[in-house]
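> Take a look at the following structure, please.
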Amino acid sequence: MGPSMQRQAENVSSSAPGARALAAVLTGFGAAWLLAGSTGLMAHSLRNVLGWLALGVAVVAGWPAERPACSGVVWGLAALVAAFLLGAPGRPALAVLAVPLVMAWLVSQHKGTEHAVLGAALAAVSVFALYRLLVTSVPFLWLTADRAGRLLGVTAAACTDRPLFVGATFAGLDFLVLMLVWYAAWLTRSPAPRARRACWGLAGIAAGHGVYLLVLAHAADLLALLPGTPGTESAPGGWPALLRHMIPWHLPLLALVAHGVVAAAMIRWPTWSRVTGRLAGGPAPGRLSGNTFTAVGLTGVAALLLAAVTTLCVNRPSLDGRRIVLYEQGFLNWLKPEHGDYGRLSIGMYGLLPRYIESLGATCIVSPDLRAEHMDNADVVVLIYPDKPWPAGGIDRLREYVRRGGTLLVLGEHTIREEDGGSRFNDVLCATSSMQVRFDSATYAVGGWLQSYEMLAHPTTLGMADDRNQLGIVIGASLDAHWPARPVVVGRWGWSDRGDPGKSAMMGDGRYNAGEKLGDLVLVAEQRLGKGRVVAFGDTSTFSNGINMGSHPFTSRLFGYLASGRGGPQSTWRGVLALLLALLLAGRIAPAASCVRHAAVACVVLAVCLPVCTGLSERASQLLPDCPAGAEYELAYLDASHLGAFSGESWRDDGLMGLALNLMRNRYLTLTMPEFSAERLNRAELFVSVAPARAYTRSERRAIRAFIEGGGLFVLTVGDEDRLPARSLMEELGFGLGPNGTGDPAFPLDRPLPMGHFKAPYWMADEAPLYVRFHAAWPVTCSEEGVQTIVNGKREFPVIVMRRLGKGKAVLIGDTGFAMNKNLEVESGAPFEGMRENPHFWRWFLSYLRGGPVWTPPLTEEDAP
């Protein structure tokens, strides 16, 4: 070091930080673990709120004794706002970046011992944020973390004589990563000699984590001690039921407490160093020299590259001219909803999948034997739960197909063991990959894996939420995946319920037992082979007729990815580059002298660039269904983007599965629209909205009107109890609810007459009226000319009206529950009072709206075709 950089003054002293600095560090650590989802199963909103509260406590506790400068206050407020904005549901890796932003501000406002303590905490949470980004973006790092978690479980099992099979989440690897970085920063910021502190600090971390793993290893024993049997009448409520819900899903909170105690002891150890003075010739506080500016700029560039390398994928897929082959044989059927067949079983399994693939632009062939003429020009071959022995050379042909550049999609199922002890899908996977479908049931803690997925950065999943099970995975099997296989979708909050060959379906007992893998179940994975790739699912549900209605944003992106042959963030070279960039950033953040500037710049750049790259990748990977003119099926959307009054559980009384089945029977490819999109809407023929609780924006109302004027059909069902959010849309289309018509001055004149439940005629067949049922109807009006009354209710007030608008038609039905299962079709398929009046009405009405031959309803059920 040259003379200009020699220290001019250095005063080293040791002291213990105050209680406020201690509280700021501990709550900062707690916020990092909460926002990363490390502390157990929580709803995204609850996790974020608790993380924000912890950050707020950190700011209050760490507020400087001296009044901060105006610029410091602005920075602090900006950090808190950023923390709020970064807490996006389903994006814990992004949310964690809020913690180092806030901690950087706290470090900048303190001097002496508090500065040293907070600086060490800043280094720890910054590196932890980088770790969370890497482990959810780089497959080989996720697999490494999973193996490390398994090793910790094996170690705990050896110490407790209880089998423990866990991944990184329940092994508490997040806690160890942050604490070990904190441990290193703690040591480097304390004066020599350090050997005694090093030993005691490491022992404390190991002991705290050991206590957590000890309790976790006995989780099944703790559950067995609770009175009653879960899921039965003997299961008591109160605290036993609470504990059953908490064990094992909330046990990571114990790790938070244990490591918090260890961190507190380390902070209170009175050996923190504080160095005053500065390097001779070095930059004055608050000013950036040319060299410092360059160094900080390089940090920003590295963070920008890291965001792009881990998430950016802008190659737009297309299925035009692509050929997808579906293997016809398997434990499946190719049925689809047909008139005369009702209820849950009438939906069939995969009969609509070929039509759906064709709507994406591809040619789809259902092959009975995977003959050469089908496979030679195929871009994708799909195997759906094959269960028959493969013919001689069949597996070799599939392996050679992949090596030449084809893509093989293999869909397995839970607890499958054929007579020979294996399964036909595992025969294929064993020959083409290092993946296998386990003999288990990948069972979720919350039904439908709601808010329980961990989706790695991938063209098919970037930007997707998991609050509605957008991936459509239910009870399937988990995958045993080893490198070079790459996990794509992981069930973070679930367990591997071992199969039982003694049962008819060979499923387990539905309870967590010691030795079953807890958390981090691989549900979807892929692997390159030659010029092609193999993608494996442990479940077939995603692609079935009923579930693909909601999972289509994922399956469309998946088919586009499979057929395009393009790479993505999971490429090995990108993973290696991301690791090197993260190590570079960690090296710049860790030193005490530069931690604030580099941590702040890195986190700000990542916080800005990660959402941008994710949004660009999500948009680029989208494929929109579009049924061309003359196709067997037209496209219909059910609006799920405005908090409709219907249930998200499709077969509940207030669900819409009955409506969906009736639309499918009338040759509509029926999908839900989870986010309103004019681009999607303009490709459809029919759009149905059921009592929206969130008002349509002006641009959305204009899009709906343009859709109708362009030839679309729009149906709105809404009663007076739900009229306010829908009023602006009704006014846009010239519709309304009312009049009351009671003649009673005591009745509010601005409210319509409630009609309740009744039947009304809509068609005369051989001079005999045919009726349609209403659940709770209200009269409707239309202020425009050309309106047509379809059905009149009580006192001859209209309850269904239709208006032509441009080339299309708009319909208002004054009954929120009109299209719900309770008024249309129930899960069992049983008729209403021995009749199927409303399915017949929808069939007649849809044929009328379409303008083709009008279907004539039958007089009796026996006459129905």
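Following the order of the structure tokens, chains are lettered A, B, ..., residues in each are numbered from 1, and ligands are numbered from 1.
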Determine, using only C-alpha atoms, which residues of region 466-492 of chain A have any atom at most 9 Å from an atom of region 132-139 of chain A, and tabulate each with its shortest atom pair and distance in Å to one decimal place, rows ordered by chain and then rising number, as a Markdown table.

| residue | atom | partner | partner_atom | distance |
| --- | --- | --- | --- | --- |
| A:Trp483 | CA | A:Pro139 | CA | 8.7 |
| A:Ala485 | CA | A:Pro139 | CA | 8.3 |
| A:Arg486 | CA | A:Pro139 | CA | 5.3 |
| A:Pro487 | CA | A:Pro139 | CA | 6.2 |
| A:Val488 | CA | A:Pro139 | CA | 8.0 |
> So which residues touch region 465-473 of chain A within 10 Å, counting only C-alpha atoms, skipping near sequence neighbours fewer than 6 positions away, as JSON, numbers by chain?
{"A": [43, 44, 88, 89, 90, 91, 442, 447, 448, 449, 450, 451, 452, 453, 454, 455, 489, 491, 523, 524, 537, 538, 539, 540, 541, 542, 543, 544, 546, 547, 548, 549, 550, 551, 552, 553, 554, 555, 648, 649, 674]}
> Could you give me, as a CSV table (one decimal) with all heavy atoms, in the first residue's frame, the residues within 9 Å of Met730 (chain A), counting only C-alpha atoms and dropping anything in the same chain fewer than 5 positions from it?

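Result file is out-v1.csv:
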chain,number,residue,atom,x,y,z
A,716,LEU,N,-73.9,-11.1,-19.2
A,716,LEU,CA,-73.6,-10.7,-17.9
A,716,LEU,C,-74.8,-11.1,-17.0
A,716,LEU,O,-76.0,-10.9,-17.3
A,716,LEU,CB,-73.5,-9.2,-17.8
A,716,LEU,CG,-73.5,-8.5,-16.5
A,716,LEU,CD1,-72.2,-8.9,-15.7
A,716,LEU,CD2,-73.6,-7.0,-16.6
A,735,PHE,N,-77.7,-1.0,-20.4
A,735,PHE,CA,-78.5,-1.9,-19.6
A,735,PHE,C,-78.7,-1.3,-18.2
A,735,PHE,O,-78.0,-0.4,-17.8
A,735,PHE,CB,-77.9,-3.3,-19.4
A,735,PHE,CG,-77.9,-4.1,-20.6
A,735,PHE,CD1,-76.8,-4.9,-21.0
A,735,PHE,CD2,-79.0,-4.2,-21.4
A,735,PHE,CE1,-76.8,-5.7,-22.1
A,735,PHE,CE2,-79.0,-5.0,-22.6
A,735,PHE,CZ,-77.9,-5.7,-22.9
A,736,GLY,N,-79.7,-1.9,-17.4
A,736,GLY,CA,-79.9,-1.5,-16.1
A,736,GLY,C,-80.8,-2.5,-15.4
A,736,GLY,O,-81.3,-3.4,-16.0
A,737,LEU,N,-81.0,-2.3,-14.0
A,737,LEU,CA,-81.9,-3.1,-13.2
A,737,LEU,C,-83.0,-2.3,-12.8
A,737,LEU,O,-82.9,-1.1,-12.4
A,737,LEU,CB,-81.1,-3.7,-12.0
A,737,LEU,CG,-80.0,-4.7,-12.3
A,737,LEU,CD1,-79.3,-5.0,-11.0
A,737,LEU,CD2,-80.6,-6.0,-12.8
A,812,LEU,N,-78.1,-9.4,-20.8
A,812,LEU,CA,-78.2,-9.1,-19.4
A,812,LEU,C,-79.2,-10.1,-18.8
A,812,LEU,O,-80.4,-10.1,-19.2
A,812,LEU,CB,-78.5,-7.7,-19.1
A,812,LEU,CG,-78.7,-7.4,-17.6
A,812,LEU,CD1,-77.4,-7.6,-16.8
A,812,LEU,CD2,-79.2,-5.9,-17.4
> Can you pull out the residues contacting Gly393 (chain A)? Cut-off 12 Å, using only C-alpha atoms, and skip same-chain residues under 5 positions away; I want them as a ChimeraX atom specification.
/A:370-371,398-400,428,431
> Write the residues of the preceding selection, restricted to N, CA, C and O atoms, as a PDB file, in the first residue's frame.

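Below you can see again28.pdb, which holds the result:
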ATOM      1  N   LEU A 370     -47.776 -44.782 -31.946  1.00  0.00           N
ATOM      2  CA  LEU A 370     -46.532 -44.031 -32.131  1.00  0.00           C
ATOM      3  C   LEU A 370     -45.748 -44.572 -33.329  1.00  0.00           C
ATOM      4  O   LEU A 370     -44.536 -44.784 -33.271  1.00  0.00           O
ATOM      5  N   ARG A 371     -46.440 -44.755 -34.420  1.00  0.00           N
ATOM      6  CA  ARG A 371     -45.796 -45.266 -35.620  1.00  0.00           C
ATOM      7  C   ARG A 371     -44.799 -44.258 -36.178  1.00  0.00           C
ATOM      8  O   ARG A 371     -44.866 -43.056 -35.853  1.00  0.00           O
ATOM      9  N   LEU A 398     -38.201 -44.119 -28.822  1.00  0.00           N
ATOM     10  CA  LEU A 398     -38.440 -42.864 -28.107  1.00  0.00           C
ATOM     11  C   LEU A 398     -37.120 -42.199 -27.730  1.00  0.00           C
ATOM     12  O   LEU A 398     -36.974 -40.972 -27.852  1.00  0.00           O
ATOM     13  N   ARG A 399     -36.157 -42.994 -27.246  1.00  0.00           N
ATOM     14  CA  ARG A 399     -34.864 -42.422 -26.883  1.00  0.00           C
ATOM     15  C   ARG A 399     -34.161 -41.833 -28.091  1.00  0.00           C
ATOM     16  O   ARG A 399     -33.614 -40.727 -28.032  1.00  0.00           O
ATOM     17  N   GLU A 400     -34.205 -42.523 -29.210  1.00  0.00           N
ATOM     18  CA  GLU A 400     -33.558 -42.009 -30.421  1.00  0.00           C
ATOM     19  C   GLU A 400     -34.276 -40.769 -30.936  1.00  0.00           C
ATOM     20  O   GLU A 400     -33.642 -39.831 -31.436  1.00  0.00           O
ATOM     21  N   VAL A 428     -39.691 -45.497 -19.521  1.00  0.00           N
ATOM     22  CA  VAL A 428     -39.242 -44.495 -20.486  1.00  0.00           C
ATOM     23  C   VAL A 428     -38.277 -43.517 -19.832  1.00  0.00           C
ATOM     24  O   VAL A 428     -37.221 -43.193 -20.392  1.00  0.00           O
ATOM     25  N   ALA A 431     -34.791 -44.838 -19.269  1.00  0.00           N
ATOM     26  CA  ALA A 431     -33.991 -44.987 -20.484  1.00  0.00           C
ATOM     27  C   ALA A 431     -33.572 -43.650 -21.086  1.00  0.00           C
ATOM     28  O   ALA A 431     -32.662 -43.613 -21.919  1.00  0.00           O
TER      29      ALA A 431
END
> Can you pull out every residue within 6 Å of region 331-339 of chain A, counting only C-alpha atoms, but drop anything in the same chain fewer than 2 positions away, and send it as number ranges by chain?
A: 341, 346-351, 385, 665
> Quick one, how far is CA of Pro752 (chain A) from CA of Ala645 (chain A)?
19.8 Å
> Which neighbours of Ala629 (chain A) fall inside 12 Å, counting only C-alpha atoms, when residues of the same chain fewer than 3 positions from it are skipped, and could you give them as a list in words?
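Near neighbours after the sequence-gap exclusion: Ser359, Asp626, Glu632, Tyr633, Glu634, Leu635, Arg683, Ala684 and Glu685 of chain A.
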> Any chance you can output those residues with N, CA, C and O atoms as a short mmCIF file (atom, residue, chain, number, x, y, z; two decimals), in the first residue's frame?

data_model
loop_
_atom_site.label_atom_id
_atom_site.label_comp_id
_atom_site.auth_asym_id
_atom_site.auth_seq_id
_atom_site.Cartn_x
_atom_site.Cartn_y
_atom_site.Cartn_z
N SER A 359 -55.89 -24.93 -31.12
CA SER A 359 -56.19 -23.51 -30.94
C SER A 359 -54.93 -22.68 -30.73
O SER A 359 -54.93 -21.47 -30.95
N ASP A 626 -56.68 -19.41 -30.08
CA ASP A 626 -57.44 -18.73 -31.12
C ASP A 626 -58.05 -19.79 -32.02
O ASP A 626 -57.32 -20.48 -32.74
N GLU A 632 -64.05 -26.81 -35.28
CA GLU A 632 -65.12 -27.55 -34.62
C GLU A 632 -65.58 -26.84 -33.37
O GLU A 632 -66.77 -26.87 -33.03
N TYR A 633 -64.65 -26.19 -32.64
CA TYR A 633 -64.98 -25.50 -31.39
C TYR A 633 -64.66 -24.01 -31.53
O TYR A 633 -63.68 -23.64 -32.17
N GLU A 634 -65.52 -23.19 -30.92
CA GLU A 634 -65.24 -21.77 -30.77
C GLU A 634 -64.70 -21.54 -29.37
O GLU A 634 -64.85 -22.37 -28.48
N LEU A 635 -64.09 -20.37 -29.17
CA LEU A 635 -63.45 -20.06 -27.90
C LEU A 635 -64.38 -19.25 -27.01
O LEU A 635 -64.99 -18.27 -27.46
N ARG A 683 -59.94 -12.79 -29.46
CA ARG A 683 -59.81 -14.08 -30.13
C ARG A 683 -60.97 -15.01 -29.81
O ARG A 683 -61.03 -16.12 -30.34
N ALA A 684 -61.86 -14.58 -28.92
CA ALA A 684 -62.96 -15.43 -28.47
C ALA A 684 -64.25 -15.07 -29.19
O ALA A 684 -64.38 -14.01 -29.81
N GLU A 685 -65.25 -15.98 -29.08
CA GLU A 685 -66.59 -15.69 -29.58
C GLU A 685 -67.53 -15.33 -28.44
O GLU A 685 -68.44 -14.53 -28.62
#
